[in-house]
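Student: The structure under discussion is supplied below as structure tokens; questions concerning it will follow.
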Amino acid sequence: MDASSPQFAQMKSAMKSTWMAGDFGEIAKYAAREGENFVARLQLKPGQKVLDVACGTGNTAIPAARTGADVIGVDIASNLLEQARQRAAAENLSVKFQEGDAEELPFGNAEFDVVITMFGAMFAPRPERTAAELLRVCKHGGLIAMANWTPEGFVGKTFRATAELAPPPPGVLPPVLWGDENVVRQRFSSGVADLRTKKHTANFKFPFPPEKVVALFRQYFGPTMMTYSRLDPAGQSQLTTVLESLWREHNQASGGNTRVEGEYLEVRVVPA
């Protein structure tokens, strides 16, 4: 899709509206622990300049700031940034949060020691542009760290099931391709000194059964909300049936609780 076309501008506007819909904070809190784990593996040092791209409500920016790093978080959704600011203020952490697009980061070249993005930049519609921007703002010899849901993991399965009932706009690639190592290497095929990947698992734990988990996502998760809004009543019922079946199939808990493992690919890139 031509980036200068009205259709592209409309799609970007719709993406922003999607992530601002509902209350992502109600969903993000269930992934907060995995954000802490992701940041802990980076072994950040006090004073390092860190950029968190598509930071959402701060699940990675906040633990990064706890290390003493100088952290800036950017996201397209202003309401998520406000939640992130409130969370940081509650811990007396100095983190700057500002609106920003992963495809057009509002920073200079080689400005950051570390650039991170967890389940965020993978949703930008132009992956090559996103990869180029991550490389551009990171210092040579620095670190870019991504966490991306894999196509074959649980979250990838839910995305695929949703896309079958409510297809994305033409030309938009599945975000979970960022969780395919071969695709990642193609997207970072130049300007890279080192690229390594490793798969990890995020544990989602809910104190209620799978049916209520699906209802939670339908009520608060913007992408799920917008998908339902594009379907007629029959389609909505079908989507609910499919999602509930997936959550029940992968549920490892009992006693009315839900615990599902979501596989993701951790990508570490050293810019040349």
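FYI, nothing fancy with the structure tokens labels: chains A, B, ... in order, residues from 1 per chain, ligands from 1 as they appear.
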Could you name the residues that touch Leu165 in chain A at 8 Å or less, counting only C-alpha atoms, but leaving out those on the same chain fewer than 4 positions away, as number ranges by chain?
Tutor: A: 161, 235, 239
Student: Write the residues you've just listed into a file as an mmCIF file, in the first residue's frame, and include C-alpha atoms for each of them.
Tutor:
```
data_model
loop_
_atom_site.group_PDB
_atom_site.id
_atom_site.type_symbol
_atom_site.label_atom_id
_atom_site.label_comp_id
_atom_site.auth_asym_id
_atom_site.auth_seq_id
_atom_site.Cartn_x
_atom_site.Cartn_y
_atom_site.Cartn_z
ATOM 1 C CA ALA A 161 -8.630 -17.587 13.917
ATOM 2 C CA GLY A 235 -20.184 -13.812 13.041
ATOM 3 C CA LEU A 239 -15.877 -15.835 16.866
#
```
Student: For range 50-60 of chain A, find every residue with an atom within 7 Å (counting only C-alpha atoms), except residues of its own chain fewer than 3 positions away, and show them as a list in words.
Tutor: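 Residues meeting the cut-off are Gly25, Ala32, Gly35, Glu36, Val39, Pro63, Ala64, Ala69, Asp70, Val71, Ile72, Gly73, Val74, Asp75, Leu80, Leu81, Gln83, Ala84, Ala102, Phe112, Asp113, Val114, Val115, Ile116, Thr117, Gly120 and Ala121 of chain A.
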Student: Taking the backbone alone, and naming residues the way the document does, which bits of range 120-244 of chain A are strand (DSSP E or B) by DSSP, as a PyMOL selection string?
Tutor: chain A and resi 138-149+192-206+221
Student: Could you produce a table of the residues of range 2-101 of chain A lying within 12 Å of range 186-200 of chain A, with the nearest pair of atoms per residue and their separation in Å rounded to one decimal, using only C-alpha atoms, ordered by chain and increasing residue number, as CSV?
Tutor:
```
residue,atom,partner,partner_atom,distance
A:Glu34,CA,A:His200,CA,9.7
A:Gly35,CA,A:His200,CA,11.9
A:Asn37,CA,A:His200,CA,10.2
A:Phe38,CA,A:His200,CA,9.4
A:Arg41,CA,A:His200,CA,11.5
```
Student: Sort by chain and increasing residue number a table of all residues of range 114-166 of chain A within 7 Å of range 240-263 of chain A, each with its closest pair of atoms and their distance in Å to one decimal, counting only C-alpha atoms, and write it as a Markdown table.
Tutor:
```
| residue | atom | partner | partner_atom | distance |
| --- | --- | --- | --- | --- |
| A:Trp149 | CA | A:Glu263 | CA | 6.2 |
| A:Thr150 | CA | A:Glu263 | CA | 6.1 |
| A:Gly153 | CA | A:Glu263 | CA | 4.9 |
| A:Phe154 | CA | A:Gly262 | CA | 5.2 |
| A:Val155 | CA | A:Gly262 | CA | 5.9 |
| A:Thr158 | CA | A:Leu243 | CA | 6.8 |
```
Student: Nearest to Pro106 in chain A: which of A:Trp178, A:Pro209, A:Ala77, A:Leu134 is it, counting only C-alpha atoms?
Tutor: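 The closest residue to Pro106 in chain A is A:Leu134.
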